[in-house]
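Everything below concerns the one structure shown next.
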Number of protein chains: 2
Amino acid sequence: MNNQHQITLKDIAQQLKLSVSTVSRALKGSTDINAETSKQVLALAEELKYSPNPIALSLKDKKTKVIGVMVQEIANNYCSAVIAGIENFACKMGYQTIISQSHEKYETEVQNTRLLASRRIDGLIISISNETRNTDHLQELIDKGIPVVMFDRVSNAIATHKVIVDDYRGAFEATCQLIEQGYENIAHITISKHLLITQNRLRGFTDALRTHQLPVRSEWILHCDFNTEATENKIRHLFCSTKRPDAVLLSVERLSITCLKVLRELELQVPDDVALSSFSDNPLSPFLNPALTSVCQPTFAMGQLAVELLIELIESKQIIKEYKTVQMKTTLHVHESSLRKAVAVGEK
Amino acid sequence: MNNQHQITLKDIAQQLKLSVSTVSRALKGSTDINAETSKQVLALAEELKYSPNPIALSLKDKKTKVIGVMVQEIANNYCSAVIAGIENFACKMGYQTIISQSHEKYETEVQNTRLLASRRIDGLIISISNETRNTDHLQELIDKGIPVVMFDRVSNAIATHKVIVDDYRGAFEATCQLIEQGYENIAHITISKHLLITQNRLRGFTDALRTHQLPVRSEWILHCDFNTEATENKIRHLFCSTKRPDAVLLSVERLSITCLKVLRELELQVPDDVALSSFSDNPLSPFLNPALTSVCQPTFAMGQLAVELLIELIESKQIIKEYKTVQMKTTLHVHESSLRKAVAVGEK
DNA sequence: ATTGCAATCGTTACCGGTAACGATTGCAAT
DNA sequence: ATTGCAATCGTTACCGGTAACGATTGCAAT
């Protein structure tokens, strides 16, 4: 049973004693063919379960109908939700996706981007890694004629369509919510300072503090990477200082988990001792202990939009010079982790 | 800058006034070539950043070096963790993966499987949908010479390599843990009765009850699908009966979330009113409210093994007749959701 | 009878690789 | 001088499609 070969035009042509081009015409619904011949071809194609070889088409048309997606980690709620949106729209448009991971490493991102390019993808959707500061590997792709669309962690150095959220406002609102609950000593645990999202979220955070006449303490702004142990140590140090924060705004979900872990270890209660608020898109956030106040992003829609923009770039005949950056809105879901207990509120 | 074409052997050949085959030889490290010529070719290839067109190779070799992966949902912890394992090993072996989703629908699974096949994937890794009872679409692939490896939700109807866990023992142990805590009225909320994992987990569950001389109540065995509303109603009905269970074993993580939701709505406390134990691979399980007792699977290793077996099938010269089913172990992580409070234990 | 054209089909080239085969050259062995 | 062979390179065919172009046939229009 094994090693059956896939049916080709040639097989059909030979059986019907026709040329491959006639068979091709019949299958493509050309009018340049006898109706009877066409019917025979279609019937046999159906019977043999013929399906055209996309490899042959790709070679000829120099289009693979494959889109590359580069994210930090598939097993990450945010990423997999965006990918779900990408798949949804890409599929409708007849594109398939190949997903690649950077694992938050610059070197891996560069290598895997080149690997995708060597696969002759028609375009790339990317959210850069925490380490990435140089984006030449992306410019390389664009120079080769492979369009790139960025989302989430975008870069100013690349001129292309981008899909982001209003990180500034997301952080601002979350910080204000903490302040309104009476928290005045708020720390910010975030990722690489070189990422735009980090900078925007940080500005949102500090602006919220300043708006409420609260001081900004630089030692309470932690830039972490994805080395869990190092991050745990940093956070532990933060909470073991003589004066410790009574609230934290976290920039990404993974950090909030690490933070929760450390707080448990230190036997600090959330939100009694420390309140938490985090950028997060985990559907389980409301079921956490305590339920985690979350700045949510329209992940699925972001994915859909990113592919839509990418396909626009891929299929447009003329060279596009005008690139747009679409900024979507975040939603603050307030839960227990950033809410003063009723008693405490009463005392205020 | 746009529409730069990719460098081909022809480009290099023309610049060096050589034939493409000589260039090809040089790049492939053939000895059948002058050392000096070879050096020139390699230097120019480097300079022009030549990378071979995998499409052309695929067409010639009838191998795409692409593996299809069909799962129910990417945005699902279990799936994305297995996929991470698949990617890890596939990448090392020079394969790329295309991920496709069934969204728990039989029709979608069949369609997308055919789509993958039409893409000429070298092999497929699949966990079938909750609706799937007929697996002809997989046999079709195998008959075409495209090997298939199944994991998690496997089928007896297909003869091939399979990677599963000991579902029976996983369910048995989890149920015993509940019984040992003094819970005697245990329900089982699970998925389609046609899936082997469902049958094995159910057997583990009922055998544990019988071992402890507890009755098996058929009305307390709920088979759900992924229609959240219908499932919520079923669960609500279960807990609103005159005699309600005091513990539940859940077959998949998603159901445990739905169950948690309903219990909150009904203001039933976990584990005071109802204890919960669930098959789950969410890293957040220990941080849930209450921390969820989980039957965990070695997801990453399962993914790795599944590709390893698949690549073995793809690359083996002779036809393989002996298929193996690798059964891995589950681990029970006991947390608050299935632990009697100290007081209650004292009363026992 | 010739011409033109529509209808219908086949031939050929091409996409970018590789492998089989062939061709050329020069030198050593006879 | 002839033969054989190694070294080195080019030609060709093929993978499976499609499009451009060409060929044939028969009939209507002149």
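Residues are named by chain letter and number: chains run A, B, ... in the order of the structure tokens, numbers start at 1 in each chain, and ligands are numbered from 1 in the order shown.
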
Residues of segment 6-51 of chain A in helix (DSSP H, G or I) according to DSSP, as a PyMOL selection string?
chain A and resi 9-16+20-27+35-48

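Residue-level contact on chain D: within 9 Å of chain A, counting only C-alpha atoms (C1' of nucleotides), the set is DC15, DG16, DG17 and DT18 of chain D.
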
Calculated over only C-alpha atoms, which of the candidates B:Ile179, B:Ile311, B:Ala84, B:Ala13 has the smallest distance to chain A?
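For chain A, the nearest of the candidates is B:Ala84.
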
How close does chain A get to chain B? List, as a tab-separated table, each residue of chain A within 7 Å, its nearest atom pair and the distance in Å to one decimal, counting only C-alpha atoms.
```
residue	atom	partner	partner_atom	distance
A:Met1	CA	B:Asp143	CA	5.6
A:Asn2	CA	B:Gly145	CA	4.6
A:Asn3	CA	B:Gly145	CA	4.4
A:Gln4	CA	B:Lys144	CA	5.1
A:His5	CA	B:Lys144	CA	6.6
A:Gln6	CA	B:Lys144	CA	6.8
A:Ser51	CA	B:Ser118	CA	6.2
A:Asn53	CA	B:Ser118	CA	6.9
A:Pro54	CA	B:Arg119	CA	6.1
A:Ile55	CA	B:Ile55	CA	6.0
A:Ala56	CA	B:Leu59	CA	6.3
A:Ser58	CA	B:Ile55	CA	6.9
A:Leu59	CA	B:Ile55	CA	6.0
A:Ile74	CA	B:Ser80	CA	6.1
A:Ala75	CA	B:Ser80	CA	4.8
A:Asn77	CA	B:Ala75	CA	6.6
A:Ser80	CA	B:Ala75	CA	4.9
A:Ala81	CA	B:Ala75	CA	5.5
A:Ala84	CA	B:Ile74	CA	6.7
A:Thr97	CA	B:Ile98	CA	6.4
A:Ile98	CA	B:Ile98	CA	5.2
A:Ser118	CA	B:Ser51	CA	6.2
A:Arg119	CA	B:Pro54	CA	6.1
A:Asp143	CA	B:Met1	CA	5.6
A:Lys144	CA	B:Gln4	CA	5.1
A:Gly145	CA	B:Asn3	CA	4.4
A:Phe287	CA	B:Leu288	CA	5.6
A:Leu288	CA	B:Leu288	CA	4.0
A:Asn289	CA	B:Asn289	CA	4.4
A:Pro290	CA	B:Asn289	CA	6.7
A:Ile319	CA	B:Asn2	CA	6.9
```

Could you list, as a list of chain:residue names, every residue within 10 Å of Phe89 of chain A, counting only C-alpha atoms (C1' of nucleotides) and ignoring same-chain residues fewer than 2 positions away?
A:Ala84, A:Gly85, A:Ile86, A:Glu87, A:Cys91, A:Lys92, A:Met93, A:Gly94, A:Tyr95, A:Gln96, A:Phe300, A:Ala301, A:Gly303, A:Gln304, A:Leu305, A:Ala306, A:Val307, A:Glu308, A:Ile311

Restrict the selected residues to N, CA and C atoms and save them as a JSON list (two decimals), in the first residue's frame.
```json
[["chain", "number", "residue", "atom", "x", "y", "z"],
["A", 84, "ALA", "N", -4.06, 32.03, 16.37],
["A", 84, "ALA", "CA", -5.39, 31.54, 16.02],
["A", 84, "ALA", "C", -6.08, 32.54, 15.09],
["A", 85, "GLY", "N", -5.91, 33.82, 15.36],
["A", 85, "GLY", "CA", -6.49, 34.85, 14.48],
["A", 85, "GLY", "C", -5.83, 34.86, 13.12],
["A", 86, "ILE", "N", -4.53, 34.69, 13.11],
["A", 86, "ILE", "CA", -3.79, 34.66, 11.85],
["A", 86, "ILE", "C", -4.27, 33.49, 10.99],
["A", 87, "GLU", "N", -4.33, 32.31, 11.61],
["A", 87, "GLU", "CA", -4.76, 31.11, 10.89],
["A", 87, "GLU", "C", -6.15, 31.30, 10.31],
["A", 91, "CYS", "N", -6.37, 31.20, 6.30],
["A", 91, "CYS", "CA", -7.04, 30.05, 5.72],
["A", 91, "CYS", "C", -8.11, 30.48, 4.73],
["A", 92, "LYS", "N", -8.88, 31.48, 5.13],
["A", 92, "LYS", "CA", -9.93, 32.00, 4.24],
["A", 92, "LYS", "C", -9.36, 32.51, 2.93],
["A", 93, "MET", "N", -8.15, 33.02, 2.97],
["A", 93, "MET", "CA", -7.54, 33.60, 1.78],
["A", 93, "MET", "C", -6.70, 32.59, 1.02],
["A", 94, "GLY", "N", -6.75, 31.33, 1.45],
["A", 94, "GLY", "CA", -6.00, 30.31, 0.73],
["A", 94, "GLY", "C", -4.52, 30.25, 1.07],
["A", 95, "TYR", "N", -4.16, 30.82, 2.20],
["A", 95, "TYR", "CA", -2.77, 30.76, 2.63],
["A", 95, "TYR", "C", -2.62, 29.79, 3.79],
["A", 96, "GLN", "N", -1.46, 29.16, 3.86],
["A", 96, "GLN", "CA", -1.15, 28.37, 5.05],
["A", 96, "GLN", "C", -0.03, 29.06, 5.80],
["A", 300, "PHE", "N", -7.12, 37.93, 18.99],
["A", 300, "PHE", "CA", -7.61, 37.28, 17.77],
["A", 300, "PHE", "C", -7.72, 38.29, 16.63],
["A", 301, "ALA", "N", -8.30, 39.42, 16.93],
["A", 301, "ALA", "CA", -8.48, 40.48, 15.92],
["A", 301, "ALA", "C", -7.13, 41.00, 15.44],
["A", 303, "GLY", "N", -4.38, 39.31, 15.22],
["A", 303, "GLY", "CA", -3.84, 38.31, 14.30],
["A", 303, "GLY", "C", -4.49, 38.41, 12.93],
["A", 304, "GLN", "N", -5.81, 38.52, 12.96],
["A", 304, "GLN", "CA", -6.54, 38.64, 11.69],
["A", 304, "GLN", "C", -6.08, 39.85, 10.90],
["A", 305, "LEU", "N", -5.98, 40.97, 11.59],
["A", 305, "LEU", "CA", -5.59, 42.21, 10.91],
["A", 305, "LEU", "C", -4.17, 42.11, 10.36],
["A", 306, "ALA", "N", -3.29, 41.51, 11.15],
["A", 306, "ALA", "CA", -1.89, 41.39, 10.71],
["A", 306, "ALA", "C", -1.79, 40.62, 9.39],
["A", 307, "VAL", "N", -2.50, 39.50, 9.29],
["A", 307, "VAL", "CA", -2.47, 38.76, 8.01],
["A", 307, "VAL", "C", -3.11, 39.55, 6.92],
["A", 308, "GLU", "N", -4.21, 40.20, 7.24],
["A", 308, "GLU", "CA", -4.91, 40.96, 6.20],
["A", 308, "GLU", "C", -3.95, 41.98, 5.59],
["A", 311, "ILE", "N", -1.24, 40.15, 3.51],
["A", 311, "ILE", "CA", -1.71, 39.66, 2.20],
["A", 311, "ILE", "C", -1.89, 40.83, 1.24]]
```

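Taking atom CA of Ile128 of chain B and atom CA of Cys176 of chain B as endpoints, the distance between them is 28.8 Å.
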
Separation of atom CA of Pro298 of chain A and atom CA of Thr175 of chain A, in Å?
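These two atoms are separated by 19.9 Å.
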
Find the residues near DC27 of chain D: any atom within 12 Å, counting only C-alpha atoms (C1' of nucleotides), skip ones fewer than 2 places away on the same chain, and give them as a list in words.
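Returned residues: DT3, DG4, DC5, DA6 and DA7 of chain C; DT25 and DA29 of chain D.
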